[in-house]
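K.L.:
The file below is input08.cif, mmCIF, C-alpha atoms:
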data_protein
#
loop_
_atom_site.group_PDB
_atom_site.id
_atom_site.type_symbol
_atom_site.label_atom_id
_atom_site.label_comp_id
_atom_site.auth_asym_id
_atom_site.auth_seq_id
_atom_site.Cartn_x
_atom_site.Cartn_y
_atom_site.Cartn_z
ATOM 1 C CA MET A 1 -46.145 9.578 -9.877
ATOM 2 C CA ARG A 2 -44.401 12.938 -9.682
ATOM 3 C CA VAL A 3 -43.574 12.354 -6.014
ATOM 4 C CA VAL A 4 -42.076 8.971 -6.817
ATOM 5 C CA ILE A 5 -39.923 10.373 -9.618
ATOM 6 C CA ARG A 6 -38.749 13.230 -7.364
ATOM 7 C CA GLY A 7 -37.960 10.762 -4.583
ATOM 8 C CA MET A 8 -35.967 8.588 -6.987
ATOM 9 C CA GLY A 9 -34.092 11.631 -8.231
ATOM 10 C CA GLU A 10 -33.211 12.684 -4.707
ATOM 11 C CA LEU A 11 -32.020 9.166 -3.895
ATOM 12 C CA CYS A 12 -29.840 9.118 -7.017
ATOM 13 C CA VAL A 13 -28.278 12.493 -6.156
ATOM 14 C CA THR A 14 -27.654 11.322 -2.584
ATOM 15 C CA ALA A 15 -26.102 8.074 -3.799
ATOM 16 C CA GLY A 16 -23.892 10.054 -6.182
ATOM 17 C CA LEU A 17 -22.674 12.316 -3.386
ATOM 18 C CA VAL A 18 -21.974 9.322 -1.121
ATOM 19 C CA LEU A 19 -20.048 7.650 -3.954
ATOM 20 C CA LEU A 20 -17.994 10.808 -4.499
ATOM 21 C CA LEU A 21 -17.198 10.919 -0.791
ATOM 22 C CA PHE A 22 -16.259 7.232 -0.871
ATOM 23 C CA PHE A 23 -13.922 7.884 -3.802
ATOM 24 C CA ALA A 24 -12.297 10.691 -1.803
ATOM 25 C CA TYR A 25 -11.984 8.318 1.155
ATOM 26 C CA GLU A 26 -10.309 5.710 -1.063
ATOM 27 C CA LEU A 27 -7.733 8.214 -2.250
ATOM 28 C CA TRP A 28 -7.027 10.155 0.946
ATOM 29 C CA GLY A 29 -8.850 8.597 3.883
ATOM 30 C CA THR A 30 -7.107 5.242 3.557
ATOM 31 C CA GLY A 31 -3.752 7.038 3.654
ATOM 32 C CA ALA A 32 -4.433 8.235 7.180
ATOM 33 C CA TYR A 33 -4.818 4.624 8.315
ATOM 34 C CA THR A 34 -1.545 3.623 6.624
ATOM 35 C CA ALA A 35 0.302 6.613 8.094
ATOM 36 C CA GLY A 36 -0.805 5.619 11.605
ATOM 37 C CA GLU A 37 0.207 1.993 11.106
ATOM 38 C CA GLN A 38 3.535 3.001 9.543
ATOM 39 C CA HIS A 39 4.313 5.123 12.579
ATOM 40 C CA LYS A 40 3.645 2.173 14.912
ATOM 41 C CA LEU A 41 5.674 -0.225 12.738
ATOM 42 C CA ASP A 42 8.552 2.236 12.465
ATOM 43 C CA THR A 43 8.708 2.729 16.235
ATOM 44 C CA ALA A 44 8.601 -1.018 16.919
ATOM 45 C CA MET A 45 11.182 -1.827 14.261
ATOM 46 C CA ARG A 46 13.679 0.816 15.356
ATOM 47 C CA LYS A 47 13.265 -0.344 18.951
ATOM 48 C CA SER A 48 14.064 -3.909 17.899
ATOM 49 C CA TRP A 49 17.153 -2.648 16.049
ATOM 50 C CA THR A 50 18.548 -1.239 19.275
ATOM 51 C CA ASN A 51 18.142 -4.595 20.983
ATOM 52 C CA THR A 52 21.628 -6.028 21.196
ATOM 53 C CA LYS A 53 20.388 -9.541 21.869
ATOM 54 C CA VAL A 54 20.961 -11.608 18.728
ATOM 55 C CA THR A 55 18.235 -14.106 17.938
ATOM 56 C CA THR A 56 17.741 -16.637 15.170
ATOM 57 C CA GLU A 57 13.962 -16.370 15.113
ATOM 58 C CA LYS A 58 12.243 -15.792 11.778
ATOM 59 C CA VAL A 59 10.568 -12.517 10.924
ATOM 60 C CA ARG A 60 6.996 -12.653 12.166
ATOM 61 C CA LEU A 61 4.113 -11.880 9.808
ATOM 62 C CA GLY A 62 2.788 -8.391 10.290
ATOM 63 C CA THR A 63 5.996 -6.941 11.682
ATOM 64 C CA GLY A 64 8.452 -4.555 10.044
ATOM 65 C CA VAL A 65 11.256 -6.132 8.018
ATOM 66 C CA ALA A 66 13.097 -3.145 6.615
ATOM 67 C CA LEU A 67 12.903 0.509 5.754
ATOM 68 C CA LEU A 68 12.463 1.245 2.053
ATOM 69 C CA ARG A 69 13.697 4.505 0.565
ATOM 70 C CA ILE A 70 13.843 5.619 -3.046
ATOM 71 C CA PRO A 71 15.840 8.823 -3.579
ATOM 72 C CA ARG A 72 14.087 9.597 -6.874
ATOM 73 C CA PHE A 73 10.839 10.041 -4.943
ATOM 74 C CA GLY A 74 12.340 12.602 -2.577
ATOM 75 C CA LYS A 75 13.972 12.692 0.835
ATOM 76 C CA LYS A 76 10.678 12.262 2.663
ATOM 77 C CA TYR A 77 9.887 9.007 0.881
ATOM 78 C CA HIS A 78 10.306 6.123 3.283
ATOM 79 C CA TYR A 79 8.123 3.134 4.168
ATOM 80 C CA VAL A 80 8.473 0.317 6.620
ATOM 81 C CA VAL A 81 8.225 -2.934 4.667
ATOM 82 C CA ILE A 82 5.931 -5.313 6.499
ATOM 83 C CA GLU A 83 6.306 -9.105 6.462
ATOM 84 C CA GLY A 84 3.361 -10.496 4.482
ATOM 85 C CA VAL A 85 1.285 -9.530 1.482
ATOM 86 C CA SER A 86 -2.267 -10.178 2.636
ATOM 87 C CA ARG A 87 -4.788 -7.414 2.063
ATOM 88 C CA ALA A 88 -4.570 -6.532 5.745
ATOM 89 C CA ASP A 89 -0.755 -6.339 5.522
ATOM 90 C CA LEU A 90 -0.686 -4.097 2.462
ATOM 91 C CA ARG A 91 -3.089 -1.664 4.102
ATOM 92 C CA LYS A 92 -0.242 -0.947 6.527
ATOM 93 C CA GLY A 93 2.456 -0.476 3.889
ATOM 94 C CA PRO A 94 4.470 -2.313 1.255
ATOM 95 C CA GLY A 95 4.783 -6.008 2.021
ATOM 96 C CA HIS A 96 7.577 -8.552 1.665
ATOM 97 C CA TYR A 97 6.541 -11.863 0.134
ATOM 98 C CA PRO A 98 7.205 -14.493 2.820
ATOM 99 C CA GLY A 99 9.533 -17.164 1.505
ATOM 100 C CA THR A 100 11.414 -14.882 -0.837
ATOM 101 C CA ALA A 101 14.900 -13.631 0.054
ATOM 102 C CA LEU A 102 15.408 -11.087 2.793
ATOM 103 C CA PRO A 103 17.314 -7.846 2.093
ATOM 104 C CA GLY A 104 20.915 -8.507 1.112
ATOM 105 C CA GLU A 105 20.427 -12.242 0.716
ATOM 106 C CA VAL A 106 21.166 -14.173 -2.444
ATOM 107 C CA GLY A 107 17.850 -14.528 -4.268
ATOM 108 C CA ASN A 108 14.970 -12.178 -4.858
ATOM 109 C CA PHE A 109 13.709 -9.744 -2.205
ATOM 110 C CA VAL A 110 10.134 -9.272 -3.449
ATOM 111 C CA VAL A 111 8.032 -6.377 -2.208
ATOM 112 C CA SER A 112 4.478 -5.531 -3.210
ATOM 113 C CA GLY A 113 2.584 -2.320 -2.552
ATOM 114 C CA HIS A 114 -0.444 -0.253 -3.407
ATOM 115 C CA ARG A 115 -0.336 2.050 -6.402
ATOM 116 C CA THR A 116 -3.260 4.323 -5.569
ATOM 117 C CA THR A 117 -4.759 3.809 -2.113
ATOM 118 C CA TYR A 118 -3.367 3.350 1.416
ATOM 119 C CA SER A 119 -0.677 6.029 1.012
ATOM 120 C CA ALA A 120 0.086 4.570 -2.429
ATOM 121 C CA PRO A 121 3.731 3.648 -1.707
ATOM 122 C CA PHE A 122 4.343 2.581 -5.308
ATOM 123 C CA ASN A 123 2.280 5.314 -6.950
ATOM 124 C CA ARG A 124 5.301 6.643 -8.846
ATOM 125 C CA ALA A 125 6.933 3.280 -9.546
ATOM 126 C CA ALA A 126 6.578 3.810 -13.305
ATOM 127 C CA GLU A 127 8.908 6.827 -13.032
ATOM 128 C CA LEU A 128 11.842 4.653 -11.980
ATOM 129 C CA ARG A 129 14.552 4.238 -14.564
ATOM 130 C CA PRO A 130 17.531 1.864 -14.828
ATOM 131 C CA GLY A 131 20.277 3.213 -12.597
ATOM 132 C CA ASP A 132 17.923 4.600 -9.930
ATOM 133 C CA ARG A 133 18.746 3.545 -6.388
ATOM 134 C CA ILE A 134 16.450 1.684 -3.998
ATOM 135 C CA LEU A 135 17.751 1.836 -0.424
ATOM 136 C CA VAL A 136 16.767 -0.865 2.027
ATOM 137 C CA ASP A 137 17.710 -0.396 5.672
ATOM 138 C CA THR A 138 17.662 -3.336 8.030
ATOM 139 C CA ARG A 139 18.983 -4.036 11.487
ATOM 140 C CA ASP A 140 22.214 -5.297 9.948
ATOM 141 C CA GLY A 141 22.914 -2.624 7.397
ATOM 142 C CA GLN A 142 21.885 -0.581 4.424
ATOM 143 C CA TYR A 143 21.522 -2.307 1.091
ATOM 144 C CA THR A 144 21.581 -0.297 -2.100
ATOM 145 C CA TYR A 145 19.814 -1.898 -5.022
ATOM 146 C CA THR A 146 20.059 -0.394 -8.488
ATOM 147 C CA VAL A 147 17.084 -0.561 -10.823
ATOM 148 C CA THR A 148 17.813 -2.711 -13.848
ATOM 149 C CA GLY A 149 14.465 -2.557 -15.622
ATOM 150 C CA LEU A 150 10.680 -2.327 -15.561
ATOM 151 C CA LYS A 151 8.128 -4.639 -17.074
ATOM 152 C CA ILE A 152 4.352 -4.812 -17.274
ATOM 153 C CA VAL A 153 2.989 -8.329 -16.902
ATOM 154 C CA LYS A 154 -0.257 -10.181 -16.295
ATOM 155 C CA PRO A 155 -1.200 -10.653 -12.632
ATOM 156 C CA THR A 156 -0.750 -14.415 -13.106
ATOM 157 C CA GLU A 157 2.930 -14.158 -14.118
ATOM 158 C CA VAL A 158 4.098 -15.155 -10.677
ATOM 159 C CA ASP A 159 7.503 -16.143 -12.074
ATOM 160 C CA VAL A 160 8.632 -12.543 -11.597
ATOM 161 C CA THR A 161 8.888 -13.399 -7.917
ATOM 162 C CA ALA A 162 11.158 -16.411 -8.503
ATOM 163 C CA PRO A 163 14.685 -16.261 -7.015
ATOM 164 C CA VAL A 164 15.795 -15.758 -10.610
ATOM 165 C CA PRO A 165 12.880 -13.868 -12.190
ATOM 166 C CA PHE A 166 11.202 -15.783 -15.060
ATOM 167 C CA HIS A 167 13.343 -18.823 -14.293
ATOM 168 C CA PRO A 168 11.665 -20.668 -11.431
ATOM 169 C CA GLY A 169 13.800 -23.519 -10.153
ATOM 170 C CA ARG A 170 17.056 -21.974 -11.272
ATOM 171 C CA ARG A 171 19.528 -21.515 -8.434
ATOM 172 C CA PRO A 172 20.161 -17.826 -7.782
ATOM 173 C CA THR A 173 23.601 -16.304 -7.631
ATOM 174 C CA ASP A 174 22.605 -12.612 -7.599
ATOM 175 C CA ARG A 175 21.052 -10.540 -4.841
ATOM 176 C CA LEU A 176 17.953 -9.053 -6.466
ATOM 177 C CA ILE A 177 14.964 -6.901 -5.567
ATOM 178 C CA THR A 178 11.580 -6.971 -7.270
ATOM 179 C CA LEU A 179 8.801 -4.470 -6.630
ATOM 180 C CA THR A 180 5.284 -5.310 -7.798
ATOM 181 C CA THR A 181 2.245 -3.055 -7.969
ATOM 182 C CA CYS A 182 -0.941 -2.600 -9.934
ATOM 183 C CA HIS A 183 -0.999 -1.255 -13.465
ATOM 184 C CA PRO A 184 -2.432 0.955 -14.784
ATOM 185 C CA LYS A 185 -3.335 3.218 -11.878
ATOM 186 C CA TYR A 186 -6.852 2.604 -10.516
ATOM 187 C CA SER A 187 -6.900 -0.836 -12.108
ATOM 188 C CA ALA A 188 -5.722 -4.318 -11.208
ATOM 189 C CA ALA A 189 -5.676 -5.544 -14.804
ATOM 190 C CA ARG A 190 -1.871 -5.764 -14.995
ATOM 191 C CA ARG A 191 1.148 -5.589 -12.738
ATOM 192 C CA LEU A 192 4.030 -3.166 -12.996
ATOM 193 C CA ILE A 193 7.275 -4.863 -12.032
ATOM 194 C CA VAL A 194 10.497 -3.079 -11.106
ATOM 195 C CA PHE A 195 13.664 -5.167 -11.097
ATOM 196 C CA GLY A 196 16.893 -4.290 -9.332
ATOM 197 C CA ARG A 197 20.228 -5.723 -8.282
ATOM 198 C CA LEU A 198 22.255 -5.201 -5.113
ATOM 199 C CA THR A 199 25.176 -2.916 -5.809
ATOM 200 C CA ALA A 200 26.349 -1.809 -2.358
ATOM 201 C CA THR A 201 26.145 -2.855 1.255
ATOM 202 C CA VAL A 202 26.955 -0.628 4.193
ATOM 203 C CA PRO A 203 26.982 -1.820 7.824
ATOM 204 C CA ARG A 204 24.285 -0.268 10.021
ATOM 205 C CA ALA A 205 26.764 1.729 12.064
ATOM 206 C CA ALA A 206 28.101 3.413 8.940
ATOM 207 C CA ALA A 207 24.726 3.895 7.224
ATOM 208 C CA HIS A 208 23.047 7.320 7.037
ATOM 209 C CA MET Q 1 -38.055 13.539 0.770
ATOM 210 C CA TYR Q 2 -35.714 16.477 1.387
ATOM 211 C CA LEU Q 3 -38.567 18.940 0.812
ATOM 212 C CA TRP Q 4 -40.642 17.040 3.357
ATOM 213 C CA ILE Q 5 -37.813 17.271 5.921
ATOM 214 C CA TRP Q 6 -37.134 20.927 5.069
ATOM 215 C CA ARG Q 7 -40.788 21.852 5.755
ATOM 216 C CA ARG Q 8 -40.681 20.243 9.174
ATOM 217 C CA LEU Q 9 -37.679 22.242 10.365
ATOM 218 C CA PRO Q 10 -38.165 25.451 12.439
ATOM 219 C CA ASP Q 11 -39.248 28.508 10.425
ATOM 220 C CA ASP Q 12 -36.167 30.634 11.136
ATOM 221 C CA PRO Q 13 -33.975 30.185 8.007
ATOM 222 C CA ARG Q 14 -30.769 30.540 10.018
ATOM 223 C CA VAL Q 15 -31.837 27.734 12.356
ATOM 224 C CA LYS Q 16 -32.877 25.682 9.354
ATOM 225 C CA LEU Q 17 -29.490 26.113 7.719
ATOM 226 C CA LEU Q 18 -27.696 25.355 10.957
ATOM 227 C CA ILE Q 19 -29.631 22.126 11.472
ATOM 228 C CA VAL Q 20 -29.054 21.064 7.860
ATOM 229 C CA ALA Q 21 -25.328 21.861 8.059
ATOM 230 C CA ALA Q 22 -25.025 19.894 11.302
ATOM 231 C CA ALA Q 23 -26.947 16.947 9.844
ATOM 232 C CA VAL Q 24 -24.749 16.881 6.726
ATOM 233 C CA LEU Q 25 -21.608 17.102 8.866
ATOM 234 C CA VAL Q 26 -22.713 14.274 11.154
ATOM 235 C CA ALA Q 27 -23.685 12.104 8.175
ATOM 236 C CA GLY Q 28 -20.324 12.807 6.516
ATOM 237 C CA LEU Q 29 -18.357 11.994 9.683
ATOM 238 C CA VAL Q 30 -20.283 8.749 10.243
ATOM 239 C CA LEU Q 31 -19.633 7.740 6.634
ATOM 240 C CA TRP Q 32 -15.919 8.710 6.779
ATOM 241 C CA TYR Q 33 -15.013 7.187 10.136
ATOM 242 C CA VAL Q 34 -17.449 4.291 10.513
ATOM 243 C CA VAL Q 35 -19.098 3.151 7.291
ATOM 244 C CA PHE Q 36 -16.232 3.571 4.797
ATOM 245 C CA PRO Q 37 -13.512 1.921 6.961
ATOM 246 C CA TRP Q 38 -15.847 -1.071 7.310
ATOM 247 C CA LEU Q 39 -16.849 -1.096 3.645
ATOM 248 C CA GLU Q 40 -13.510 -0.332 1.982
ATOM 249 C CA PRO Q 41 -11.671 -3.619 2.687
ATOM 250 C CA LYS Q 42 -14.604 -5.502 1.170
ATOM 251 C CA THR Q 43 -14.419 -3.529 -2.059
ATOM 252 C CA GLN Q 44 -10.625 -3.296 -2.393
ATOM 253 C CA PHE Q 45 -9.606 -3.526 -6.030
ATOM 254 C CA ASP Q 46 -5.986 -2.403 -5.984
ATOM 255 C CA HIS Q 47 -4.035 -5.106 -4.182
ATOM 256 C CA GLY Q 48 -0.862 -5.223 -6.269
ATOM 257 C CA VAL Q 49 0.293 -8.760 -5.494
ATOM 258 C CA MET Q 50 0.829 -11.485 -8.067
ATOM 259 C CA ASP Q 51 -1.977 -14.019 -8.412
ATOM 260 C CA GLY Q 52 -0.274 -17.179 -7.239
ATOM 261 C CA THR Q 53 2.265 -18.531 -4.848
ATOM 262 C CA PRO Q 54 5.737 -17.061 -5.287
ATOM 263 C CA SER Q 55 8.668 -19.379 -5.742
ATOM 264 C CA PRO Q 56 10.631 -19.728 -2.532
ATOM 265 C CA THR Q 57 14.348 -19.179 -2.456
ATOM 266 C CA PRO Q 58 16.018 -22.585 -2.914
ATOM 267 C CA HIS Q 59 17.943 -23.758 0.128
ATOM 268 C CA ARG Q 60 21.591 -23.123 -0.224
#
Could you take the file, read its structure, and then write that structure out as structure tokens?
P.N.:
Amino acid sequence: MRVVIRGMGELCVTAGLVLLLFFAYELWGTGAYTAGEQHKLDTAMRKSWTNTKVTTEKVRLGTGVALLRIPRFGKKYHYVVIEGVSRADLRKGPGHYPGTALPGEVGNFVVSGHRTTYSAPFNRAAELRPGDRILVDTRDGQYTYTVTGLKIVKPTEVDVTAPVPFHPGRRPTDRLITLTTCHPKYSAARRLIVFGRLTATVPRAAAH
Amino acid sequence: MYLWIWRRLPDDPRVKLLIVAAAVLVAGLVLWYVVFPWLEPKTQFDHGVMDGTPSPTPHR
């Protein structure tokens, strides 16, 4: 009996250590994967930007759409936004909802990203305040969106992604951005939504 | 279980410690680079997307 109890105790301690290591992997190990994928996406996207051949093809799922920068999060903060929001896509970086507007277009450019794992691109999203800038670089130019507000909603409130948020079916006239991520941290119970509006556009050649 | 393994290792305590350290390192590396990358996507809880299909931009 004593041997069995000792064996169970040892198994429990081992399981606890493995769980701790798994938690560490979730927080830091997944970031290494995202960093590697971001590097590949960044290289491919910048290469495509130098291609002078103009095409009308749609953005392919899994490829880079734009470069996202948020000055409030520091100069080093930049992520390639990938086309698509599947689990596999968001492991590589923040994802653009297919079907929503592209950067600079009339409508809603909707981007979703992880809050805690896989480099946690939107980890500090709750720190954004109205007036903060969100810079989106594309092949055509640099779009500056200004944060207009934050809201915490249920995960089912998909209307935040409408061309006019909360008004599905209404024809958009503004050029908007919406960022969505989990809330609170380490939970998927709610969604934190950041809204913004396009306030400036700079051609690529003049962008910095 | 660990006592049983410990007793079967060579008597020299330095060799014992070396073998244990190597075993722990190997187990940790296998977990970090093989088991967890396979397991993590199946247990992902923090996805961040809205539950539903987003409204497309109406054609202009």
K.L.:
Would you mind reading off the distance between CA of Gly31 (chain A) and CA of Tyr118 (chain A), one decimal, in Å?
P.N.:
4.3 Å
K.L.:
Show me which bits of chain A are within 9 Å of chain Q, counting only C-alpha atoms, as a PyMOL selection string.
P.N.:
chain A and resi 3+6-7+10-11+18+21-22+25-26+29-30+85-88+90-91+97-101+106-108+111-117+154-164+168-172+180-183+185-188+190-192
K.L.:
Please work out which residues fall within 8 Å of (18.7, -3.4, -3.8), coordinates as given in the file, with only C-alpha atoms counting, and return them as a PyMOL selection string.
P.N.:
chain A and resi 103-104+133-136+143-147+175-177+196-200
K.L.:
Using all atoms listed in the file, which of the listed residues (A:Val194, A:Leu68, A:Val4, A:Ile82) sits closest to Leu128 (chain A)?
P.N.:
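Ranking A:Val194, A:Leu68, A:Val4, A:Ile82 by distance to Leu128 (chain A), first place goes to A:Val194.
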K.L.:
Put a box with edges along x, y and z around all the listed atoms of region 9-21 of chain Q, pad it by 5 Å on each side, then give me its centre and sizes in Å, one decimal, as lines of an AutoDock Vina configuration file.
P.N.:
center_x = -32.3
center_y = 25.8
center_z = 10.1
size_x = 23.9
size_y = 19.6
size_z = 14.7
K.L.:
Applying 9 Å and all atoms listed in the file, which residues near Val65 (chain A) remain after dropping the ones on its own chain fewer than 6 positions away? List them as a list in words.
P.N.:
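Selected residues are Met45, Val59, Val80, Val81, Ile82, Glu83, Gly95, His96, Leu102, Pro103, Asp137, Thr138 and Arg139 of chain A.
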K.L.:
Provide the CA of Ile193 (chain A) to CA of Ile152 (chain A) distance in Å, to one decimal place.
P.N.:
6.0 Å
K.L.:
Just to confirm, what's the straight-line distance from CA of Val202 (chain A) to CA of Asn51 (chain A) in Å (one decimal)?
P.N.:
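Computed distance, CA of Val202 (chain A) to CA of Asn51 (chain A), equals 19.4 Å.
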K.L.:
Restricting the calculation to all atoms listed in the file: of A:Phe23, A:Trp49, A:Phe166, A:Phe195, which residue gets closest to Leu67 (chain A)?
P.N.:
A:Trp49
